[in-house]
file query.tsv (TSV, C-alpha atoms and all ligand atoms)
chain	number	residue	atom	x	y	z
A	1	MET	CA	21.58	118.59	86.13
A	2	LYS	CA	19.80	115.85	84.19
A	3	PRO	CA	22.56	113.71	82.60
A	4	VAL	CA	23.12	114.21	78.87
A	5	ARG	CA	22.30	110.93	77.09
A	6	PHE	CA	25.52	110.48	75.18
A	7	GLY	CA	27.03	108.42	72.37
A	8	VAL	CA	30.67	108.24	71.26
A	9	ILE	CA	31.51	107.71	67.58
A	10	GLY	CA	35.05	106.45	67.10
A	11	CYS	CA	36.74	104.20	69.68
A	12	GLY	CA	40.35	105.13	68.87
A	13	VAL	CA	42.66	107.18	71.10
A	14	MET	CA	40.32	110.13	71.66
A	15	GLY	CA	36.99	108.28	71.51
A	16	ALA	CA	38.21	106.07	74.36
A	17	ARG	CA	38.98	109.20	76.41
A	18	HIS	CA	35.59	110.82	75.73
A	19	ALA	CA	33.84	107.58	76.70
A	20	ALA	CA	35.90	107.39	79.90
A	21	VAL	CA	34.96	110.97	80.91
A	22	ALA	CA	31.27	110.33	80.13
A	23	ALA	CA	31.30	107.06	82.11
A	24	GLU	CA	32.82	108.80	85.15
A	25	ARG	CA	30.87	112.05	85.28
A	26	ASP	CA	27.30	112.60	86.55
A	27	GLU	CA	26.70	115.14	83.76
A	28	PHE	CA	26.54	112.24	81.26
A	29	GLU	CA	24.88	108.91	80.79
A	30	LEU	CA	26.95	106.84	78.33
A	31	VAL	CA	24.29	105.19	76.17
A	32	ALA	CA	26.46	103.77	73.36
A	33	VAL	CA	29.83	103.69	71.62
A	34	ALA	CA	30.50	102.85	67.96
A	35	ASP	CA	33.42	102.12	65.65
A	36	ILE	CA	33.89	100.24	62.40
A	37	LYS	CA	36.65	98.23	64.13
A	38	PRO	CA	34.92	95.67	66.40
A	39	GLU	CA	38.02	95.06	68.54
A	40	LEU	CA	38.13	98.75	69.51
A	41	VAL	CA	34.40	98.82	70.33
A	42	GLU	CA	34.89	95.79	72.54
A	43	LYS	CA	37.84	97.31	74.39
A	44	VAL	CA	36.14	100.69	75.04
A	45	ALA	CA	32.87	98.99	76.02
A	46	ALA	CA	34.72	96.75	78.50
A	47	ASP	CA	36.34	99.83	80.08
A	48	THR	CA	33.34	102.20	80.13
A	49	LYS	CA	30.21	99.97	80.19
A	50	PRO	CA	27.85	101.76	77.78
A	51	LYS	CA	24.28	100.40	77.54
A	52	ARG	CA	24.80	99.44	73.87
A	53	THR	CA	27.49	99.18	71.17
A	54	TYR	CA	27.25	99.74	67.43
A	55	ALA	CA	29.35	98.81	64.39
A	56	SER	CA	28.80	102.12	62.59
A	57	ALA	CA	28.16	105.80	63.19
A	58	GLU	CA	24.84	105.56	61.32
A	59	GLU	CA	23.48	102.87	63.66
A	60	LEU	CA	24.41	104.92	66.72
A	61	LEU	CA	22.81	108.04	65.21
A	62	ALA	CA	19.56	106.09	64.73
A	63	ASP	CA	19.39	105.42	68.49
A	64	ASP	CA	16.57	107.68	69.74
A	65	GLU	CA	17.73	107.56	73.34
A	66	ILE	CA	20.93	109.42	72.42
A	67	GLU	CA	20.64	113.22	72.40
A	68	ALA	CA	24.31	114.18	71.98
A	69	VAL	CA	27.40	112.62	70.42
A	70	ALA	CA	31.17	112.97	70.44
A	71	ILE	CA	32.65	112.55	66.96
A	72	ALA	CA	36.20	111.35	67.54
A	73	LEU	CA	37.25	110.57	63.99
A	74	PRO	CA	40.20	111.89	61.99
A	75	THR	CA	39.34	115.25	60.37
A	76	GLY	CA	38.90	113.87	56.86
A	77	PHE	CA	36.02	111.60	57.97
A	78	ARG	CA	34.36	113.87	60.52
A	79	THR	CA	32.22	116.44	58.68
A	80	PRO	CA	30.01	113.94	56.76
A	81	ILE	CA	29.24	112.20	60.07
A	82	ALA	CA	28.61	115.55	61.80
A	83	LEU	CA	26.11	116.46	59.08
A	84	LYS	CA	24.32	113.14	59.62
A	85	ALA	CA	24.32	113.79	63.39
A	86	PHE	CA	22.70	117.24	62.91
A	87	ALA	CA	20.14	115.73	60.50
A	88	ALA	CA	19.29	113.22	63.25
A	89	GLY	CA	18.83	116.14	65.72
A	90	LYS	CA	21.86	115.32	67.89
A	91	HIS	CA	24.03	117.91	69.63
A	92	ALA	CA	27.69	117.20	68.82
A	93	ILE	CA	31.15	117.72	70.21
A	94	LEU	CA	33.78	117.43	67.49
A	95	GLU	CA	37.41	116.48	67.88
A	96	LYS	CA	39.90	119.06	66.63
A	97	PRO	CA	40.77	120.63	64.23
A	98	VAL	CA	37.19	121.60	63.40
A	99	ALA	CA	37.21	120.51	59.74
A	100	MET	CA	39.18	120.21	56.51
A	101	ASN	CA	38.45	123.74	55.28
A	102	VAL	CA	36.22	126.80	55.63
A	103	GLY	CA	33.58	125.35	53.27
A	104	GLU	CA	33.01	122.40	55.59
A	105	VAL	CA	32.63	124.63	58.66
A	106	GLU	CA	30.12	126.85	56.84
A	107	GLN	CA	28.18	123.75	55.77
A	108	MET	CA	28.06	122.55	59.40
A	109	ILE	CA	26.92	125.99	60.67
A	110	GLU	CA	24.08	125.95	58.16
A	111	ALA	CA	23.10	122.34	58.95
A	112	ALA	CA	23.27	122.69	62.75
A	113	GLY	CA	21.03	125.79	62.75
A	114	ASP	CA	20.41	127.51	66.07
A	115	LYS	CA	18.76	124.66	68.00
A	116	LEU	CA	21.72	122.29	68.33
A	117	VAL	CA	24.76	122.82	70.54
A	118	VAL	CA	28.03	122.17	68.72
A	119	ALA	CA	31.39	122.33	70.50
A	120	VAL	CA	34.93	121.72	69.25
A	121	CYS	CA	37.74	120.27	71.36
A	122	SER	CA	40.27	122.92	70.27
A	123	SER	CA	39.29	124.70	73.52
A	124	ARG	CA	40.86	121.84	75.53
A	125	TYR	CA	43.56	123.92	77.29
A	126	TRP	CA	41.31	126.85	78.20
A	127	PHE	CA	39.54	125.21	81.14
A	128	HIS	CA	42.37	125.26	83.67
A	129	ASP	CA	42.10	127.74	86.60
A	130	SER	CA	45.21	129.47	85.24
A	131	SER	CA	43.55	130.17	81.87
A	132	GLN	CA	40.40	131.45	83.59
A	133	LEU	CA	42.47	133.86	85.69
A	134	ALA	CA	44.41	135.05	82.62
A	135	THR	CA	41.08	135.63	80.84
A	136	LYS	CA	39.91	137.83	83.75
A	137	ILE	CA	43.19	139.80	83.74
A	138	VAL	CA	42.82	140.59	80.02
A	139	ALA	CA	39.11	141.40	80.41
A	140	ASP	CA	39.69	143.87	83.26
A	141	GLY	CA	42.02	145.98	81.09
A	142	THR	CA	45.21	145.38	83.12
A	143	LEU	CA	47.25	144.92	79.92
A	144	GLY	CA	45.94	148.06	78.16
A	145	ASP	CA	45.55	147.91	74.38
A	146	LEU	CA	46.70	144.53	73.06
A	147	ARG	CA	49.74	144.82	70.78
A	148	VAL	CA	50.96	141.26	70.12
A	149	VAL	CA	49.50	137.83	70.86
A	150	HIS	CA	52.29	135.35	70.39
A	151	PHE	CA	52.97	131.65	70.57
A	152	ARG	CA	55.99	129.70	69.54
A	153	GLY	CA	55.87	125.93	70.00
A	154	MET	CA	59.03	124.33	68.64
A	155	LEU	CA	59.69	120.62	69.17
A	156	LYS	CA	63.17	119.30	68.49
A	157	ASP	CA	63.59	116.17	66.41
A	158	GLY	CA	63.30	113.17	68.71
A	159	GLY	CA	64.83	110.66	66.30
A	160	PRO	CA	63.00	107.83	64.55
A	161	LYS	CA	59.49	107.27	65.98
A	162	PRO	CA	59.15	104.07	68.05
A	163	HIS	CA	55.60	103.30	66.79
A	164	PRO	CA	53.83	103.57	63.41
A	165	ILE	CA	52.62	107.08	62.57
A	166	PRO	CA	48.94	107.35	61.50
A	167	ALA	CA	48.64	108.12	57.77
A	168	TRP	CA	46.21	111.03	58.47
A	169	ARG	CA	48.51	112.93	60.81
A	170	VAL	CA	50.47	115.11	58.33
A	171	SER	CA	48.20	114.86	55.30
A	172	HIS	CA	46.26	117.57	53.48
A	173	LYS	CA	43.89	114.97	52.05
A	174	LEU	CA	43.10	113.19	55.34
A	175	ASN	CA	43.75	115.86	57.98
A	176	GLY	CA	43.35	119.21	56.21
A	177	GLY	CA	47.07	119.92	56.74
A	178	GLY	CA	50.12	118.98	58.79
A	179	PHE	CA	51.54	119.84	62.20
A	180	TRP	CA	49.96	123.31	62.13
A	181	VAL	CA	46.40	121.96	62.15
A	182	ASN	CA	47.25	119.31	64.75
A	183	TRP	CA	48.56	121.73	67.36
A	184	ALA	CA	47.95	125.38	66.51
A	185	CYS	CA	44.19	124.97	66.95
A	186	TYR	CA	44.99	124.39	70.65
A	187	ASP	CA	47.34	127.37	70.88
A	188	LEU	CA	44.83	129.59	69.11
A	189	GLY	CA	41.85	128.23	71.05
A	190	TYR	CA	43.75	128.99	74.26
A	191	LEU	CA	44.90	132.51	73.33
A	192	MET	CA	41.69	133.54	71.56
A	193	GLY	CA	39.81	132.32	74.67
A	194	ILE	CA	42.07	134.26	77.05
A	195	THR	CA	41.70	137.42	74.93
A	196	GLY	CA	37.91	137.00	75.01
A	197	TRP	CA	37.54	136.29	71.26
A	198	GLN	CA	37.90	140.04	70.64
A	199	LEU	CA	40.57	139.70	67.92
A	200	LYS	CA	39.38	139.98	64.32
A	201	PRO	CA	42.10	138.54	62.06
A	202	LYS	CA	42.37	140.41	58.75
A	203	THR	CA	45.66	139.91	56.86
A	204	VAL	CA	47.67	136.67	56.95
A	205	LEU	CA	51.27	136.17	55.80
A	206	ALA	CA	52.70	132.68	56.29
A	207	GLN	CA	55.33	130.20	55.26
A	208	THR	CA	55.19	126.44	55.73
A	209	PHE	CA	57.99	123.87	55.49
A	210	PRO	CA	57.72	120.11	54.81
A	211	VAL	CA	59.61	117.49	56.79
A	212	ALA	CA	63.34	117.78	56.03
A	213	ASP	CA	64.52	115.61	53.11
A	214	HIS	CA	67.00	113.68	55.26
A	215	LEU	CA	64.30	112.74	57.88
A	216	PRO	CA	61.60	111.12	55.68
A	217	ASP	CA	60.57	108.53	58.31
A	218	ARG	CA	59.36	111.20	60.77
A	219	VAL	CA	56.00	111.15	58.95
A	220	ALA	CA	53.96	108.34	57.39
A	221	GLU	CA	54.70	107.49	53.78
A	222	GLY	CA	52.85	109.79	51.36
A	223	SER	CA	52.47	112.63	53.91
A	224	ASP	CA	52.27	116.00	52.15
A	225	GLY	CA	51.54	118.33	55.10
A	226	GLU	CA	53.96	120.74	56.79
A	227	GLU	CA	56.04	120.00	59.87
A	228	HIS	CA	56.69	123.70	60.51
A	229	ALA	CA	54.63	126.86	59.94
A	230	ILE	CA	55.35	130.51	60.75
A	231	VAL	CA	52.56	133.07	60.57
A	232	LEU	CA	52.01	136.81	61.01
A	233	ILE	CA	48.40	138.04	61.20
A	234	ARG	CA	47.28	141.67	61.42
A	235	CYS	CA	43.92	142.06	63.16
A	236	GLU	CA	41.35	144.78	62.47
A	237	ASN	CA	42.43	147.04	65.35
A	238	GLY	CA	46.17	146.63	64.62
A	239	THR	CA	46.85	143.83	67.11
A	240	ILE	CA	49.32	141.30	65.69
A	241	LEU	CA	49.11	137.53	66.06
A	242	GLN	CA	52.64	136.14	65.72
A	243	LEU	CA	52.56	132.35	65.62
A	244	GLU	CA	54.98	129.49	64.99
A	245	ARG	CA	54.59	125.73	65.38
A	246	GLY	CA	56.95	122.97	64.35
A	247	GLU	CA	58.10	119.42	65.16
A	248	SER	CA	61.03	117.20	64.16
A	249	LEU	CA	63.03	120.43	64.06
A	250	SER	CA	66.73	121.18	63.85
A	251	ILE	CA	66.52	123.42	66.93
A	252	ASP	CA	66.06	122.66	70.61
A	253	THR	CA	62.55	122.52	72.08
A	254	GLU	CA	61.18	125.90	73.14
A	255	SER	CA	57.60	126.91	73.90
A	256	THR	CA	56.14	130.28	74.80
A	257	TRP	CA	52.69	131.89	74.91
A	258	GLN	CA	52.56	135.67	75.45
A	259	ILE	CA	49.97	138.45	75.41
A	260	ILE	CA	51.74	141.79	75.12
A	261	GLY	CA	49.79	144.95	75.91
A	262	ALA	CA	50.70	148.65	75.93
A	263	LYS	CA	50.72	148.69	79.76
A	264	ALA	CA	51.47	145.11	80.81
A	265	SER	CA	52.00	141.60	79.45
A	266	LEU	CA	51.21	138.03	80.40
A	267	ARG	CA	53.66	135.15	79.94
A	268	LEU	CA	51.88	131.80	80.07
A	269	ASN	CA	52.55	128.11	79.68
A	270	MET	CA	49.71	126.17	78.05
A	271	LEU	CA	51.34	122.76	78.43
A	272	GLU	CA	53.46	122.57	81.60
A	273	LEU	CA	51.76	120.16	84.01
A	274	GLU	CA	53.89	120.27	87.16
A	275	ASP	CA	55.47	123.63	87.89
A	276	ASN	CA	53.31	126.07	85.95
A	277	LYS	CA	53.39	129.84	86.47
A	278	ILE	CA	51.79	132.90	84.92
A	279	PHE	CA	53.97	136.02	84.94
A	280	LEU	CA	52.51	139.52	84.76
A	281	ASP	CA	55.09	142.07	83.57
A	282	ARG	CA	53.96	145.64	84.19
A	283	THR	CA	55.32	149.08	83.28
A	284	HIS	CA	55.01	152.11	85.60
A	285	PRO	CA	55.51	155.86	85.00
A	286	ASP	CA	57.87	156.19	88.00
A	287	LYS	CA	59.92	152.96	87.95
A	288	ALA	CA	61.22	150.15	85.77
A	289	LEU	CA	59.21	147.09	84.71
A	290	THR	CA	58.04	144.82	87.53
A	291	THR	CA	57.30	141.12	87.29
A	292	GLU	CA	54.72	139.36	89.44
A	293	ILE	CA	53.77	135.69	89.53
A	294	VAL	CA	49.97	135.90	89.42
A	295	TRP	CA	49.34	132.15	89.33
A	296	GLU	CA	51.39	129.14	90.23
A	297	GLY	CA	50.44	125.48	90.47
A	298	LYS	CA	49.79	122.29	88.53
A	299	HIS	CA	47.72	121.74	85.41
A	300	ASP	CA	45.59	118.63	85.90
A	301	HIS	CA	45.53	116.58	82.69
A	302	ALA	CA	42.04	115.36	83.67
A	303	VAL	CA	40.77	118.95	83.26
A	304	THR	CA	42.26	119.10	79.76
A	305	MET	CA	40.26	115.98	78.84
A	306	SER	CA	37.00	116.70	80.68
A	307	GLY	CA	36.85	120.51	80.15
A	308	PRO	CA	35.34	120.55	76.65
A	309	LEU	CA	32.82	117.80	77.52
A	310	LEU	CA	31.55	119.51	80.69
A	311	ASP	CA	31.34	122.82	78.81
A	312	PHE	CA	29.33	121.00	76.10
A	313	ALA	CA	26.97	119.48	78.70
A	314	SER	CA	26.40	122.92	80.24
A	315	GLY	CA	25.73	124.36	76.77
A	316	ILE	CA	23.01	121.72	76.26
A	317	ARG	CA	21.39	121.86	79.70
A	318	ASN	CA	21.96	125.51	80.72
A	319	GLY	CA	22.20	127.26	77.36
A	320	THR	CA	25.68	128.63	78.20
A	321	GLN	CA	28.07	129.74	75.44
A	322	VAL	CA	30.51	126.89	74.66
A	323	ALA	CA	34.19	127.83	74.56
A	324	ALA	CA	34.71	126.86	70.91
A	325	ASP	CA	31.47	126.83	68.94
A	326	LEU	CA	31.27	126.58	65.15
A	327	GLU	CA	31.29	130.38	64.62
A	328	ARG	CA	34.49	130.75	66.63
A	329	SER	CA	35.97	127.70	64.95
A	330	LEU	CA	35.22	129.29	61.59
A	331	VAL	CA	37.55	132.18	62.53
A	332	MET	CA	40.30	129.64	63.28
A	333	GLN	CA	39.64	127.69	60.07
A	334	LYS	CA	39.77	130.93	58.03
A	335	ILE	CA	43.24	131.51	59.45
A	336	THR	CA	44.33	127.97	58.54
A	337	ASP	CA	43.03	128.18	54.98
A	338	ALA	CA	44.70	131.60	54.56
A	339	ILE	CA	48.00	130.22	55.87
A	340	TYR	CA	48.09	127.49	53.22
A	341	LYS	CA	47.07	129.98	50.51
A	342	SER	CA	49.68	132.52	51.60
A	343	ALA	CA	52.40	129.86	51.73
A	344	ALA	CA	51.44	128.51	48.29
A	345	GLU	CA	51.20	131.91	46.61
A	346	GLY	CA	54.02	133.66	48.46
A	347	CYS	CA	51.95	136.71	49.37
A	348	ALA	CA	49.69	138.07	52.11
A	349	VAL	CA	46.04	136.94	52.09
A	350	GLU	CA	43.09	139.13	53.16
A	351	LEU	CA	40.37	137.34	55.17
B	401	LIG	N1	45.74	110.87	69.14
B	401	LIG	C1	45.83	111.92	69.93
B	401	LIG	O1	46.68	111.99	70.83
B	401	LIG	C2	44.86	113.06	69.76
B	401	LIG	C3	44.83	114.04	70.75
B	401	LIG	C4	43.91	115.06	70.64
B	401	LIG	C5	43.06	115.12	69.54
B	401	LIG	N2	43.14	114.19	68.57
B	401	LIG	C6	42.23	114.33	67.40
B	401	LIG	O2	41.22	113.34	67.49
B	401	LIG	C7	40.84	112.90	66.18
B	401	LIG	C8	40.87	111.39	66.18
B	401	LIG	O3	42.20	111.01	66.49
B	401	LIG	P1	42.51	109.61	67.18
B	401	LIG	O4	43.95	109.65	67.55
B	401	LIG	O5	41.50	109.28	68.21
B	401	LIG	O6	42.33	108.67	65.91
B	401	LIG	P2	42.29	107.07	65.91
B	401	LIG	O7	42.75	106.65	64.58
B	401	LIG	O8	42.93	106.49	67.12
B	401	LIG	O9	40.71	106.77	66.06
B	401	LIG	C9	39.78	107.07	65.07
B	401	LIG	C10	38.76	105.96	65.05
B	401	LIG	O10	37.71	106.32	64.18
B	401	LIG	C11	37.21	105.11	63.63
B	401	LIG	N3	36.39	105.44	62.44
B	401	LIG	C12	36.79	105.95	61.26
B	401	LIG	N4	35.72	106.16	60.47
B	401	LIG	C13	34.62	105.77	61.16
B	401	LIG	C14	33.23	105.75	60.89
B	401	LIG	N5	32.74	106.17	59.74
B	401	LIG	N6	32.39	105.30	61.85
B	401	LIG	C15	32.86	104.89	63.04
B	401	LIG	N7	34.19	104.86	63.35
B	401	LIG	C16	35.05	105.30	62.43
B	401	LIG	C17	38.46	104.33	63.29
B	401	LIG	O11	38.18	102.95	63.13
B	401	LIG	C18	39.32	104.62	64.53
B	401	LIG	O12	39.18	103.64	65.53
B	401	LIG	C19	41.82	113.54	65.19
B	401	LIG	O13	41.18	114.57	64.50
B	401	LIG	C20	42.94	114.10	66.08
B	401	LIG	O14	43.46	115.31	65.58
B	401	LIG	C21	44.00	113.14	68.66
call {"tool": "encode", "arguments": {"input": "query.tsv", "output": "structure tokens", "more": "lines below"}}
Ligand SMILES: NC(=O)c1ccc[n+]([C@@H]2O[C@H](COP(=O)([O-])OP(=O)(O)OC[C@H]3O[C@@H](n4cnc5c(N)ncnc54)[C@H](O)[C@@H]3O)[C@@H](O)[C@H]2O)c1
result
Amino acid sequence: MKPVRFGVIGCGVMGARHAAVAAERDEFELVAVADIKPELVEKVAADTKPKRTYASAEELLADDEIEAVAIALPTGFRTPIALKAFAAGKHAILEKPVAMNVGEVEQMIEAAGDKLVVAVCSSRYWFHDSSQLATKIVADGTLGDLRVVHFRGMLKDGGPKPHPIPAWRVSHKLNGGGFWVNWACYDLGYLMGITGWQLKPKTVLAQTFPVADHLPDRVAEGSDGEEHAIVLIRCENGTILQLERGESLSIDTESTWQIIGAKASLRLNMLELEDNKIFLDRTHPDKALTTEIVWEGKHDHAVTMSGPLLDFASGIRNGTQVAADLERSLVMQKITDAIYKSAAEGCAVEL
């Protein structure tokens, strides 16, 4: 495959990782990196050796050698740069969550048209062998009709944070929301991917909770996003999405991802790196439920980081469907917007 001539906009935590993947992999040629902070450009350039560096996104986008970019900026700054990238004819991979709201995603769909490949990193956990196997098991009908797709990711309070918390992290204005948007896009990207993007969310009922009054330092000053969200979504065919995400919580850490069918169910672990297993629970007419381990092994963190980029490169060079394109991300953003509306108005919201 001819390497994708690539530029990275943003040299913070995630931009540095995208640049490192591009520098290592034959699928990419790292042409340039850019950031408005010169010290970060210098550090990433020293580590990844791009041909050129730039002090702004606009300068990088004017580089004709570059055909595709990663936009690794906080959500509040990303869409205007993505629109400039599309106007410059560049394919783009966007950090997650896709955008601040549905309006921004629709604007990007319109601007990107059908010639440019656009991928979103919310698919990050779907590229492991385990996820691919689970996707096949759902697709071959083993589970029967899907009843409930469920995740619950609860993180106990870990005490005061040892390092400063970025202002954007739990902010509606800068991030489009709080802990829900930071993490649930991964959970949803993973489970929507495994269920083959067949679910059509219709009615959303949600509640969100801010950081507890007695733990104000768990978020940056001025943060107005939630630390905890609980959501029930009825899909068109009656399948239920039952979702909960929270951090700095007054309950012990517990995480679970389940796909429950009429005939059988999958129990998965999106995040365990070392001793990961997928359980298939199955009912039978003539005996009680059986449980089988259908996959067991390690999740390689390198796959989590490189998966979306390699998928993006294949989308550009081979025309393959990317795991999380803008249309799929719009479904996820519609859920997020409906969650905040439902929580604010105290009633169910129709999509
Ligand atoms: N930090 C993580 O662990 C992590 C993990 C996965 C995904 N993400 C997502 O990645 C995105 C970025 O997060 P991050 O942690 O890398 O942020 P960061 O603050 O470390 O980096 C963002 C960088 O963007 C630069 N920037 C801002 N505006 C710019 C502009 N107009 N032109 C060029 N550079 C500009 C900033 O100077 C900064 O260096 C967020 O949406 C986040 O949700 C973060």
call {"tool": "axis_aligned_box", "arguments": {"input": "query.tsv", "around": "ligand LIG 401 (chain B)", "padding_each_side": "3 Å", "output": "lines of an AutoDock Vina configuration file"}}
result
center_x = 39.5
center_y = 109.1
center_z = 65.3
size_x = 20.3
size_y = 18.4
size_z = 17.1
call {"tool": "atom_distance", "arguments": {"input": "query.tsv", "atom1": "atom C12 of ligand LIG 401 (chain B)", "atom2": "CA of Gly113 (chain A)"}}
result
25.4 Å
call {"tool": "closest_atom_pairs", "arguments": {"input": "query.tsv", "of": "region 134-202 of chain A", "to": "region 262-267 of chain A", "cutoff": "8 Å", "atoms": "only C-alpha atoms", "output": "CSV"}}
result
residue,atom,partner,partner_atom,distance
A:Ala134,CA,A:Leu266,CA,7.7
A:Thr142,CA,A:Ala264,CA,6.7
A:Leu143,CA,A:Ala264,CA,4.3
A:Gly144,CA,A:Lys263,CA,5.1
A:Asp145,CA,A:Ala262,CA,5.4
A:Leu146,CA,A:Ala262,CA,6.4
A:Arg147,CA,A:Ala262,CA,6.5
call {"tool": "atom_distance", "arguments": {"input": "query.tsv", "atom1": "CA of Cys121 (chain A)", "atom2": "CA of Gly238 (chain A)"}}
result
28.5 Å
call {"tool": "atom_distance", "arguments": {"input": "query.tsv", "atom1": "CA of Thr208 (chain A)", "atom2": "CA of Gln258 (chain A)"}}
result
21.9 Å
call {"tool": "closest_residue", "arguments": {"input": "query.tsv", "among": "A:Ala119, A:Gln107, A:Leu174, A:Val102", "to": "ligand LIG 401 (chain B)", "atoms": "all atoms listed in the file"}}
result
A:Leu174
call {"tool": "residues_around", "arguments": {"input": "query.tsv", "residues": "region 36-39 of chain A", "least_positions_apart": "3", "cutoff": "9 Å", "atoms": "all atoms listed in the file", "output": "mmCIF file with C-alpha atoms, keeping the file's coordinate frame"}}
result
data_model
loop_
_atom_site.group_PDB
_atom_site.id
_atom_site.type_symbol
_atom_site.label_atom_id
_atom_site.label_comp_id
_atom_site.auth_asym_id
_atom_site.auth_seq_id
_atom_site.Cartn_x
_atom_site.Cartn_y
_atom_site.Cartn_z
ATOM 1 C CA GLY A 10 35.050 106.450 67.100
ATOM 2 C CA CYS A 11 36.740 104.200 69.680
ATOM 3 C CA GLU A 42 34.890 95.790 72.540
ATOM 4 C CA LYS A 43 37.840 97.310 74.390
ATOM 5 C CA VAL A 44 36.140 100.690 75.040
ATOM 6 C CA TYR A 54 27.250 99.740 67.430
ATOM 7 C CA ALA A 55 29.350 98.810 64.390
ATOM 8 C CA SER A 56 28.800 102.120 62.590
ATOM 9 C CA ALA A 57 28.160 105.800 63.190
#
call {"tool": "residues_near_ligand", "arguments": {"input": "query.tsv", "ligand": "ligand LIG 401 (chain B)", "cutoff": "9 Å", "atoms": "all atoms listed in the file", "output": "short mmCIF file (atom, residue, chain, number, x, y, z; two decimals) with C-alpha atoms, in the frame of the given file"}}
result
data_model
loop_
_atom_site.label_atom_id
_atom_site.label_comp_id
_atom_site.auth_asym_id
_atom_site.auth_seq_id
_atom_site.Cartn_x
_atom_site.Cartn_y
_atom_site.Cartn_z
CA ILE A 9 31.51 107.71 67.58
CA GLY A 10 35.05 106.45 67.10
CA CYS A 11 36.74 104.20 69.68
CA GLY A 12 40.35 105.13 68.87
CA VAL A 13 42.66 107.18 71.10
CA MET A 14 40.32 110.13 71.66
CA GLY A 15 36.99 108.28 71.51
CA ALA A 16 38.21 106.07 74.36
CA ARG A 17 38.98 109.20 76.41
CA ALA A 34 30.50 102.85 67.96
CA ASP A 35 33.42 102.12 65.65
CA ILE A 36 33.89 100.24 62.40
CA LYS A 37 36.65 98.23 64.13
CA PRO A 38 34.92 95.67 66.40
CA LEU A 40 38.13 98.75 69.51
CA VAL A 41 34.40 98.82 70.33
CA TYR A 54 27.25 99.74 67.43
CA ALA A 55 29.35 98.81 64.39
CA SER A 56 28.80 102.12 62.59
CA ALA A 57 28.16 105.80 63.19
CA GLU A 58 24.84 105.56 61.32
CA ILE A 71 32.65 112.55 66.96
CA ALA A 72 36.20 111.35 67.54
CA LEU A 73 37.25 110.57 63.99
CA PRO A 74 40.20 111.89 61.99
CA THR A 75 39.34 115.25 60.37
CA GLY A 76 38.90 113.87 56.86
CA PHE A 77 36.02 111.60 57.97
CA ARG A 78 34.36 113.87 60.52
CA PRO A 80 30.01 113.94 56.76
CA ILE A 81 29.24 112.20 60.07
CA LEU A 94 33.78 117.43 67.49
CA GLU A 95 37.41 116.48 67.88
CA LYS A 96 39.90 119.06 66.63
CA PRO A 97 40.77 120.63 64.23
CA VAL A 98 37.19 121.60 63.40
CA ALA A 99 37.21 120.51 59.74
CA CYS A 121 37.74 120.27 71.36
CA SER A 122 40.27 122.92 70.27
CA ARG A 124 40.86 121.84 75.53
CA PRO A 166 48.94 107.35 61.50
CA TRP A 168 46.21 111.03 58.47
CA ARG A 169 48.51 112.93 60.81
CA ASN A 175 43.75 115.86 57.98
CA VAL A 181 46.40 121.96 62.15
CA ASN A 182 47.25 119.31 64.75
CA TRP A 183 48.56 121.73 67.36
#
